[in-house]
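Engineer: Contents of structure38.pdb (PDB, C-alpha atoms):
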```pdb
ATOM      1  CA  MET M 710      22.092 -17.993   2.207  1.00  0.00           C
ATOM      2  CA  SER M 711      20.395 -15.227   4.125  1.00  0.00           C
ATOM      3  CA  THR M 712      21.976 -13.428   7.013  1.00  0.00           C
ATOM      4  CA  LEU M 713      20.459 -13.016  10.448  1.00  0.00           C
ATOM      5  CA  ARG M 714      19.602  -9.375   9.646  1.00  0.00           C
ATOM      6  CA  THR M 715      17.918 -10.387   6.415  1.00  0.00           C
ATOM      7  CA  ARG M 716      15.850 -13.061   8.161  1.00  0.00           C
ATOM      8  CA  ALA M 717      14.863 -10.626  10.917  1.00  0.00           C
ATOM      9  CA  THR M 718      13.827  -8.002   8.356  1.00  0.00           C
ATOM     10  CA  MET M 719      11.797 -10.537   6.412  1.00  0.00           C
ATOM     11  CA  ARG M 720      10.081 -11.752   9.598  1.00  0.00           C
ATOM     12  CA  LEU M 721       9.222  -8.169  10.516  1.00  0.00           C
ATOM     13  CA  LEU M 722       7.855  -7.546   7.009  1.00  0.00           C
ATOM     14  CA  ALA M 723       5.864 -10.798   7.125  1.00  0.00           C
ATOM     15  CA  THR M 724       4.417 -10.038  10.547  1.00  0.00           C
ATOM     16  CA  PHE M 725       3.446  -6.511   9.515  1.00  0.00           C
ATOM     17  CA  GLU M 726       1.793  -7.727   6.305  1.00  0.00           C
ATOM     18  CA  THR M 727      -0.028 -10.508   8.150  1.00  0.00           C
ATOM     19  CA  LEU M 728      -1.438  -8.088  10.723  1.00  0.00           C
ATOM     20  CA  LEU M 729      -2.499  -5.632   8.017  1.00  0.00           C
ATOM     21  CA  ALA M 730      -4.126  -8.444   6.034  1.00  0.00           C
ATOM     22  CA  ALA M 731      -6.017  -9.665   9.099  1.00  0.00           C
ATOM     23  CA  SER M 732      -7.174  -6.114   9.825  1.00  0.00           C
ATOM     24  CA  ALA M 733      -8.384  -5.657   6.257  1.00  0.00           C
ATOM     25  CA  VAL M 734     -10.286  -8.943   6.293  1.00  0.00           C
ATOM     26  CA  TYR M 735     -11.844  -8.166   9.670  1.00  0.00           C
ATOM     27  CA  GLY M 736     -12.720  -4.613   8.627  1.00  0.00           C
ATOM     28  CA  GLY M 737     -14.096  -5.725   5.287  1.00  0.00           C
ATOM     29  CA  ILE M 738     -16.328  -8.406   6.768  1.00  0.00           C
ATOM     30  CA  SER M 739     -17.495  -6.032   9.490  1.00  0.00           C
ATOM     31  CA  LEU M 740     -18.223  -3.329   6.924  1.00  0.00           C
ATOM     32  CA  ALA M 741     -20.157  -5.720   4.689  1.00  0.00           C
ATOM     33  CA  ALA M 742     -22.119  -7.066   7.661  1.00  0.00           C
ATOM     34  CA  GLY M 743     -22.849  -3.624   9.075  1.00  0.00           C
ATOM     35  CA  ALA M 744     -21.283  -4.503  12.415  1.00  0.00           C
ATOM     36  CA  PRO M 745     -21.457  -1.926  15.216  1.00  0.00           C
ATOM     37  CA  GLY M 746     -18.761   0.678  14.695  1.00  0.00           C
ATOM     38  CA  PHE M 747     -18.586  -0.149  10.987  1.00  0.00           C
ATOM     39  CA  THR M 748     -21.835   1.425   9.804  1.00  0.00           C
ATOM     40  CA  MET M 749     -21.539   4.461   7.595  1.00  0.00           C
ATOM     41  CA  PRO M 750     -24.050   6.484   5.584  1.00  0.00           C
ATOM     42  CA  VAL M 751     -24.880   4.842   2.269  1.00  0.00           C
ATOM     43  CA  ASP M 752     -25.174   8.257   0.608  1.00  0.00           C
ATOM     44  CA  TRP M 753     -21.360   8.477   0.717  1.00  0.00           C
ATOM     45  CA  LEU M 754     -21.399   5.779  -1.989  1.00  0.00           C
ATOM     46  CA  ALA M 755     -23.677   7.725  -4.344  1.00  0.00           C
ATOM     47  CA  PRO M 756     -20.796   8.639  -6.720  1.00  0.00           C
ATOM     48  CA  LEU M 757     -20.205   4.917  -7.237  1.00  0.00           C
ATOM     49  CA  GLY M 758     -23.873   4.072  -7.704  1.00  0.00           C
ATOM     50  CA  LEU M 759     -23.833   1.647  -4.778  1.00  0.00           C
ATOM     51  CA  THR M 760     -26.691   1.260  -2.324  1.00  0.00           C
ATOM     52  CA  SER M 761     -24.904  -0.689   0.424  1.00  0.00           C
ATOM     53  CA  TRP M 762     -21.470  -1.186   1.937  1.00  0.00           C
ATOM     54  CA  VAL M 763     -21.390  -4.898   1.054  1.00  0.00           C
ATOM     55  CA  LEU M 764     -19.342  -4.536  -2.138  1.00  0.00           C
ATOM     56  CA  PRO M 765     -16.784  -2.122  -0.613  1.00  0.00           C
ATOM     57  CA  GLY M 766     -16.513  -4.467   2.384  1.00  0.00           C
ATOM     58  CA  LEU M 767     -15.868  -7.472   0.173  1.00  0.00           C
ATOM     59  CA  ALA M 768     -13.361  -5.470  -1.883  1.00  0.00           C
ATOM     60  CA  LEU M 769     -11.533  -4.515   1.296  1.00  0.00           C
ATOM     61  CA  ALA M 770     -11.484  -8.074   2.628  1.00  0.00           C
ATOM     62  CA  LEU M 771     -10.574  -9.795  -0.637  1.00  0.00           C
ATOM     63  CA  GLY M 772      -8.656  -7.145  -2.555  1.00  0.00           C
ATOM     64  CA  ILE M 773      -6.640  -5.525   0.192  1.00  0.00           C
ATOM     65  CA  GLY M 774      -6.593  -8.434   2.627  1.00  0.00           C
ATOM     66  CA  GLY M 775      -5.821 -10.922  -0.125  1.00  0.00           C
ATOM     67  CA  THR M 776      -3.002  -8.855  -1.601  1.00  0.00           C
ATOM     68  CA  LEU M 777      -1.388  -8.361   1.795  1.00  0.00           C
ATOM     69  CA  ALA M 778      -1.827 -12.029   2.711  1.00  0.00           C
ATOM     70  CA  ALA M 779      -0.203 -13.138  -0.542  1.00  0.00           C
ATOM     71  CA  ALA M 780       2.683 -10.734   0.012  1.00  0.00           C
ATOM     72  CA  SER M 781       3.153 -12.059   3.538  1.00  0.00           C
ATOM     73  CA  VAL M 782       3.575 -15.612   2.222  1.00  0.00           C
ATOM     74  CA  PHE M 783       6.603 -14.518   0.186  1.00  0.00           C
ATOM     75  CA  ALA M 784       8.070 -12.748   3.211  1.00  0.00           C
ATOM     76  CA  TRP M 785       7.506 -15.702   5.554  1.00  0.00           C
ATOM     77  CA  ARG M 786       9.329 -17.913   3.029  1.00  0.00           C
ATOM     78  CA  ILE M 787      12.172 -15.380   2.734  1.00  0.00           C
ATOM     79  CA  ASP M 788      11.544 -15.434  -0.992  1.00  0.00           C
ATOM     80  CA  PHE M 789      13.413 -12.964  -3.184  1.00  0.00           C
ATOM     81  CA  ARG M 790      10.029 -11.840  -4.563  1.00  0.00           C
ATOM     82  CA  ALA M 791       8.845 -10.639  -1.136  1.00  0.00           C
ATOM     83  CA  PRO M 792       9.885  -6.982  -1.587  1.00  0.00           C
ATOM     84  CA  VAL M 793       8.166  -6.783  -4.979  1.00  0.00           C
ATOM     85  CA  ALA M 794       5.014  -8.335  -3.526  1.00  0.00           C
ATOM     86  CA  ALA M 795       5.127  -5.843  -0.645  1.00  0.00           C
ATOM     87  CA  LEU M 796       5.543  -2.955  -3.083  1.00  0.00           C
ATOM     88  CA  ALA M 797       2.585  -4.269  -5.097  1.00  0.00           C
ATOM     89  CA  ALA M 798       0.520  -4.402  -1.896  1.00  0.00           C
ATOM     90  CA  CYS M 799       1.573  -0.797  -1.213  1.00  0.00           C
ATOM     91  CA  GLY M 800       0.315   0.150  -4.661  1.00  0.00           C
ATOM     92  CA  VAL M 801      -3.025  -1.603  -4.185  1.00  0.00           C
ATOM     93  CA  LEU M 802      -3.515  -0.055  -0.757  1.00  0.00           C
ATOM     94  CA  THR M 803      -2.529   3.392  -2.034  1.00  0.00           C
ATOM     95  CA  GLY M 804      -5.032   3.020  -4.868  1.00  0.00           C
ATOM     96  CA  TRP M 805      -7.701   1.999  -2.362  1.00  0.00           C
ATOM     97  CA  LEU M 806      -7.013   5.114  -0.294  1.00  0.00           C
ATOM     98  CA  ALA M 807      -6.980   7.342  -3.373  1.00  0.00           C
ATOM     99  CA  VAL M 808     -10.400   6.081  -4.441  1.00  0.00           C
ATOM    100  CA  GLN M 809     -11.646   6.393  -0.881  1.00  0.00           C
ATOM    101  CA  PHE M 810     -10.416   9.974  -0.525  1.00  0.00           C
ATOM    102  CA  GLY M 811     -11.821  10.847  -3.951  1.00  0.00           C
ATOM    103  CA  VAL M 812     -15.244   9.282  -3.442  1.00  0.00           C
ATOM    104  CA  ILE M 813     -16.074   9.779   0.214  1.00  0.00           C
ATOM    105  CA  GLY M 814     -13.437  12.331   1.190  1.00  0.00           C
ATOM    106  CA  VAL M 815     -11.626  12.372   4.479  1.00  0.00           C
ATOM    107  CA  ARG M 816     -14.156  11.079   6.977  1.00  0.00           C
ATOM    108  CA  ALA M 817     -12.285   9.151   9.668  1.00  0.00           C
ATOM    109  CA  PRO M 818      -8.897   9.084  11.400  1.00  0.00           C
ATOM    110  CA  VAL M 819      -8.456   5.476  10.277  1.00  0.00           C
ATOM    111  CA  GLN M 820      -7.860   6.790   6.760  1.00  0.00           C
ATOM    112  CA  TRP M 821      -4.790   8.715   7.916  1.00  0.00           C
ATOM    113  CA  VAL M 822      -3.633   5.826  10.085  1.00  0.00           C
ATOM    114  CA  THR M 823      -3.854   3.571   7.038  1.00  0.00           C
ATOM    115  CA  ALA M 824      -1.870   6.086   4.976  1.00  0.00           C
ATOM    116  CA  GLY M 825       0.812   5.999   7.668  1.00  0.00           C
ATOM    117  CA  LEU M 826       0.835   2.208   7.636  1.00  0.00           C
ATOM    118  CA  VAL M 827       1.396   2.277   3.872  1.00  0.00           C
ATOM    119  CA  VAL M 828       4.485   4.406   4.455  1.00  0.00           C
ATOM    120  CA  VAL M 829       5.755   1.902   7.050  1.00  0.00           C
ATOM    121  CA  LEU M 830       5.079  -0.979   4.652  1.00  0.00           C
ATOM    122  CA  LEU M 831       6.932   0.852   1.897  1.00  0.00           C
ATOM    123  CA  GLY M 832       9.917   1.364   4.186  1.00  0.00           C
ATOM    124  CA  LEU M 833       9.964  -2.285   5.202  1.00  0.00           C
ATOM    125  CA  ALA M 834       9.690  -3.404   1.575  1.00  0.00           C
ATOM    126  CA  LEU M 835      12.625  -1.225   0.566  1.00  0.00           C
ATOM    127  CA  LEU M 836      14.674  -2.399   3.558  1.00  0.00           C
ATOM    128  CA  ALA M 837      13.911  -6.027   2.694  1.00  0.00           C
ATOM    129  CA  ARG M 838      14.965  -5.440  -0.912  1.00  0.00           C
ATOM    130  CA  HIS M 839      18.219  -3.885   0.285  1.00  0.00           C
ATOM    131  CA  ARG M 840      18.929  -6.699   2.737  1.00  0.00           C
ATOM    132  CA  LEU M 841      18.151  -9.410   0.194  1.00  0.00           C
ATOM    133  CA  ALA M 842      20.413  -7.785  -2.371  1.00  0.00           C
ATOM    134  CA  GLY M 843      23.255  -7.772   0.142  1.00  0.00           C
ATOM    135  CA  SER M 844      22.915 -11.391   1.208  1.00  0.00           C
TER     136      SER M 844
END
```
Will you turn the file into structure tokens for me?

Structural biologist:
Amino acid sequence: MSTLRTRATMRLLATFETLLAASAVYGGISLAAGAPGFTMPVDWLAPLGLTSWVLPGLALALGIGGTLAAASVFAWRIDFRAPVAALAACGVLTGWLAVQFGVIGVRAPVQWVTAGLVVVLLGLALLARHRLAGS
């Protein structure tokens, strides 16, 4: 049986993951579609051999958004696997940022905001693991 603190922590984790997933899906679709505010120079993708932002947009929407959405399902269910799923999402998102920093460099404040959000997600995942272990 989970305690009130455990349930509250899991709800916070689930909400955070859901919002991040929705942001990734929205950003990915907007990037792939070339929506205003989401257009970037294609020459940034030259190291990857890509000629458009469609593939990176789909990767963001499906890879990052999908991973975070799946992790949020575990948290909403207060499943003991939720912290591991959140840590996996942290790993995927950290890998995404590492590739992004390596390929296009630091180009926008959103990259640093995302790095900060990964740290918050990591903290919530570790707190959830601690709370679940104690309940």

Engineer: Between atom CA of M:Leu713 and atom CA of M:Ala731, what is the distance, to one decimal in Å?

Structural biologist: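 Between atom CA of M:Leu713 and atom CA of M:Ala731 the gap works out to 26.7 Å.
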
Engineer: Which residue, M:Ala723, M:Ala755, M:Ala795, M:Ala717, has the smallest gap to M:Ile813 when you use all atoms listed in the file?

Structural biologist: M:Ala755

Engineer: Expand the PyMOL selection byres ((chain M and resi 735) around 12) into the explicit residue set it covers here, and present it as a VMD selection string.

Structural biologist: chain M and resid 728 to 734 736 to 744 747 766 to 771 773 to 775

Engineer: What would the file look like if the residues just selected were written as a PDB file, keeping the file's coordinate frame with C-alpha atoms?

Structural biologist:
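This went into again-v1.pdb:
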```pdb
ATOM      1  CA  LEU M 728      -1.438  -8.088  10.723  1.00  0.00           C
ATOM      2  CA  LEU M 729      -2.499  -5.632   8.017  1.00  0.00           C
ATOM      3  CA  ALA M 730      -4.126  -8.444   6.034  1.00  0.00           C
ATOM      4  CA  ALA M 731      -6.017  -9.665   9.099  1.00  0.00           C
ATOM      5  CA  SER M 732      -7.174  -6.114   9.825  1.00  0.00           C
ATOM      6  CA  ALA M 733      -8.384  -5.657   6.257  1.00  0.00           C
ATOM      7  CA  VAL M 734     -10.286  -8.943   6.293  1.00  0.00           C
ATOM      8  CA  GLY M 736     -12.720  -4.613   8.627  1.00  0.00           C
ATOM      9  CA  GLY M 737     -14.096  -5.725   5.287  1.00  0.00           C
ATOM     10  CA  ILE M 738     -16.328  -8.406   6.768  1.00  0.00           C
ATOM     11  CA  SER M 739     -17.495  -6.032   9.490  1.00  0.00           C
ATOM     12  CA  LEU M 740     -18.223  -3.329   6.924  1.00  0.00           C
ATOM     13  CA  ALA M 741     -20.157  -5.720   4.689  1.00  0.00           C
ATOM     14  CA  ALA M 742     -22.119  -7.066   7.661  1.00  0.00           C
ATOM     15  CA  GLY M 743     -22.849  -3.624   9.075  1.00  0.00           C
ATOM     16  CA  ALA M 744     -21.283  -4.503  12.415  1.00  0.00           C
ATOM     17  CA  PHE M 747     -18.586  -0.149  10.987  1.00  0.00           C
ATOM     18  CA  GLY M 766     -16.513  -4.467   2.384  1.00  0.00           C
ATOM     19  CA  LEU M 767     -15.868  -7.472   0.173  1.00  0.00           C
ATOM     20  CA  ALA M 768     -13.361  -5.470  -1.883  1.00  0.00           C
ATOM     21  CA  LEU M 769     -11.533  -4.515   1.296  1.00  0.00           C
ATOM     22  CA  ALA M 770     -11.484  -8.074   2.628  1.00  0.00           C
ATOM     23  CA  LEU M 771     -10.574  -9.795  -0.637  1.00  0.00           C
ATOM     24  CA  ILE M 773      -6.640  -5.525   0.192  1.00  0.00           C
ATOM     25  CA  GLY M 774      -6.593  -8.434   2.627  1.00  0.00           C
ATOM     26  CA  GLY M 775      -5.821 -10.922  -0.125  1.00  0.00           C
TER      27      GLY M 775
END
```

Engineer: Of the candidates M:Leu754, M:Ala794, M:Ala824, M:Val819, which one gets nearest to M:Leu722 if we count all atoms listed in the file?

Structural biologist: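 When distances to M:Leu722 are compared using all atoms listed in the file, the smallest one comes from M:Ala794.
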
Engineer: Can you pull out the residues contacting M:Leu833? Cut-off 9 Å, using all atoms listed in the file, and skip same-chain residues under 3 positions away; I want them as a count of residues only.

Structural biologist: 13

Engineer: Mind pulling up the distance from atom CA of M:Gly772 to atom CA of M:Trp753?

Structural biologist: 20.4 Å

Engineer: Hey, can you check how far atom CA of M:Gly804 sits from atom CA of M:Arg716?

Structural biologist: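 Answer for the atom CA of M:Gly804 to atom CA of M:Arg716 separation: 29.4 Å.
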
Engineer: List the residues matched by the PyMOL selection byres ((chain M and resi 827) around 9) in the displayed structure as a PyMOL selection string, ordered by chain and then by residue number.

Structural biologist: chain M and resi 798-800+802-803+822-826+828-832

Engineer: Assuming the chain letters and numbering stay as they are in my file, what does the PyMOL selection byres ((chain M and resi 844) around 10) actually select? List them as a list in words.

Structural biologist: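 Evaluating the PyMOL selection byres ((chain M and resi 844) around 10) on these coordinates yields Met710, Ser711, Thr712, Leu713, Arg714, Thr715, His839, Arg840, Leu841, Ala842 and Gly843 of chain M.
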
Engineer: Padding 8 Å on each side, edges along x, y and z: where is the centre of the box around the listed atoms of stretch 738-754 of chain M, and how long are its edges in Å to one decimal? Output it as AutoDock Vina command-line options.

Structural biologist:
```
--center_x -20.8 --center_y 0.0 --center_z 6.6 --size_x 24.8 --size_y 32.9 --size_z 33.2
```

Engineer: Nearest to M:Glu726 among M:Trp805, M:Phe810, M:Trp821, M:Trp785, with distances taken over all atoms listed in the file: which residue is it?

Structural biologist: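 Looking only at the distances to M:Glu726, the closest residue turns out to be M:Trp785.
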
Engineer: Would you mind telling me which residue in M:Thr724, M:Thr776, M:Ser781, M:Gln820 lies nearest to M:Val801 when using all atoms listed in the file?

Structural biologist: M:Thr776

Engineer: Using the partial input, fill out stretch 792-803 of chain M with all heavy atoms; write the result as a PDB file, keeping the file's coordinate frame.

Structural biologist:
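Listed below is the output, part-v9.pdb:
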```
ATOM      1  N   PRO M 792       9.945  -8.451  -1.497  1.00  0.00           N
ATOM      2  CA  PRO M 792       9.885  -6.982  -1.587  1.00  0.00           C
ATOM      3  C   PRO M 792       8.989  -6.487  -2.726  1.00  0.00           C
ATOM      4  O   PRO M 792       8.259  -5.506  -2.561  1.00  0.00           O
ATOM      5  CB  PRO M 792      11.340  -6.572  -1.814  1.00  0.00           C
ATOM      6  CG  PRO M 792      12.143  -7.698  -1.258  1.00  0.00           C
ATOM      7  CD  PRO M 792      11.326  -8.930  -1.539  1.00  0.00           C
ATOM      8  N   VAL M 793       9.018  -7.178  -3.853  1.00  0.00           N
ATOM      9  CA  VAL M 793       8.166  -6.783  -4.979  1.00  0.00           C
ATOM     10  C   VAL M 793       6.695  -6.985  -4.624  1.00  0.00           C
ATOM     11  O   VAL M 793       5.850  -6.140  -4.921  1.00  0.00           O
ATOM     12  CB  VAL M 793       8.542  -7.576  -6.258  1.00  0.00           C
ATOM     13  CG1 VAL M 793       7.564  -7.294  -7.381  1.00  0.00           C
ATOM     14  CG2 VAL M 793       9.959  -7.232  -6.685  1.00  0.00           C
ATOM     15  N   ALA M 794       6.390  -8.086  -3.952  1.00  0.00           N
ATOM     16  CA  ALA M 794       5.014  -8.335  -3.526  1.00  0.00           C
ATOM     17  C   ALA M 794       4.568  -7.279  -2.516  1.00  0.00           C
ATOM     18  O   ALA M 794       3.424  -6.806  -2.565  1.00  0.00           O
ATOM     19  CB  ALA M 794       4.903  -9.736  -2.922  1.00  0.00           C
ATOM     20  N   ALA M 795       5.457  -6.890  -1.622  1.00  0.00           N
ATOM     21  CA  ALA M 795       5.127  -5.843  -0.645  1.00  0.00           C
ATOM     22  C   ALA M 795       4.906  -4.504  -1.345  1.00  0.00           C
ATOM     23  O   ALA M 795       3.986  -3.753  -0.990  1.00  0.00           O
ATOM     24  CB  ALA M 795       6.236  -5.724   0.396  1.00  0.00           C
ATOM     25  N   LEU M 796       5.725  -4.197  -2.324  1.00  0.00           N
ATOM     26  CA  LEU M 796       5.543  -2.955  -3.083  1.00  0.00           C
ATOM     27  C   LEU M 796       4.232  -2.981  -3.866  1.00  0.00           C
ATOM     28  O   LEU M 796       3.536  -1.961  -3.966  1.00  0.00           O
ATOM     29  CB  LEU M 796       6.733  -2.714  -4.015  1.00  0.00           C
ATOM     30  CG  LEU M 796       8.051  -2.384  -3.314  1.00  0.00           C
ATOM     31  CD1 LEU M 796       9.201  -2.383  -4.311  1.00  0.00           C
ATOM     32  CD2 LEU M 796       7.965  -1.052  -2.581  1.00  0.00           C
ATOM     33  N   ALA M 797       3.872  -4.140  -4.398  1.00  0.00           N
ATOM     34  CA  ALA M 797       2.585  -4.269  -5.097  1.00  0.00           C
ATOM     35  C   ALA M 797       1.434  -4.048  -4.115  1.00  0.00           C
ATOM     36  O   ALA M 797       0.455  -3.362  -4.439  1.00  0.00           O
ATOM     37  CB  ALA M 797       2.479  -5.647  -5.750  1.00  0.00           C
ATOM     38  N   ALA M 798       1.554  -4.612  -2.924  1.00  0.00           N
ATOM     39  CA  ALA M 798       0.520  -4.402  -1.896  1.00  0.00           C
ATOM     40  C   ALA M 798       0.432  -2.929  -1.526  1.00  0.00           C
ATOM     41  O   ALA M 798      -0.673  -2.403  -1.320  1.00  0.00           O
ATOM     42  CB  ALA M 798       0.819  -5.263  -0.666  1.00  0.00           C
ATOM     43  N   CYS M 799       1.569  -2.253  -1.459  1.00  0.00           N
ATOM     44  CA  CYS M 799       1.573  -0.797  -1.213  1.00  0.00           C
ATOM     45  C   CYS M 799       0.795  -0.076  -2.301  1.00  0.00           C
ATOM     46  O   CYS M 799       0.007   0.835  -2.017  1.00  0.00           O
ATOM     47  CB  CYS M 799       2.997  -0.248  -1.191  1.00  0.00           C
ATOM     48  SG  CYS M 799       3.880  -0.510   0.329  1.00  0.00           S
ATOM     49  N   GLY M 800       1.015  -0.471  -3.534  1.00  0.00           N
ATOM     50  CA  GLY M 800       0.315   0.150  -4.661  1.00  0.00           C
ATOM     51  C   GLY M 800      -1.183  -0.070  -4.597  1.00  0.00           C
ATOM     52  O   GLY M 800      -1.973   0.860  -4.807  1.00  0.00           O
ATOM     53  N   VAL M 801      -1.593  -1.291  -4.284  1.00  0.00           N
ATOM     54  CA  VAL M 801      -3.025  -1.603  -4.185  1.00  0.00           C
ATOM     55  C   VAL M 801      -3.652  -0.809  -3.043  1.00  0.00           C
ATOM     56  O   VAL M 801      -4.722  -0.212  -3.198  1.00  0.00           O
ATOM     57  CB  VAL M 801      -3.239  -3.120  -4.002  1.00  0.00           C
ATOM     58  CG1 VAL M 801      -4.676  -3.434  -3.660  1.00  0.00           C
ATOM     59  CG2 VAL M 801      -2.808  -3.877  -5.260  1.00  0.00           C
ATOM     60  N   LEU M 802      -2.988  -0.776  -1.914  1.00  0.00           N
ATOM     61  CA  LEU M 802      -3.515  -0.055  -0.757  1.00  0.00           C
ATOM     62  C   LEU M 802      -3.537   1.448  -1.001  1.00  0.00           C
ATOM     63  O   LEU M 802      -4.489   2.136  -0.613  1.00  0.00           O
ATOM     64  CB  LEU M 802      -2.690  -0.393   0.484  1.00  0.00           C
ATOM     65  CG  LEU M 802      -3.236  -0.002   1.841  1.00  0.00           C
ATOM     66  CD1 LEU M 802      -4.700  -0.387   2.028  1.00  0.00           C
ATOM     67  CD2 LEU M 802      -2.395  -0.627   2.940  1.00  0.00           C
ATOM     68  N   THR M 803      -2.542   1.971  -1.687  1.00  0.00           N
ATOM     69  CA  THR M 803      -2.529   3.392  -2.034  1.00  0.00           C
ATOM     70  C   THR M 803      -3.666   3.715  -2.991  1.00  0.00           C
ATOM     71  O   THR M 803      -4.341   4.746  -2.850  1.00  0.00           O
ATOM     72  CB  THR M 803      -1.170   3.783  -2.652  1.00  0.00           C
ATOM     73  OG1 THR M 803      -0.142   3.528  -1.684  1.00  0.00           O
ATOM     74  CG2 THR M 803      -1.138   5.241  -3.057  1.00  0.00           C
TER      75      THR M 803
END
```
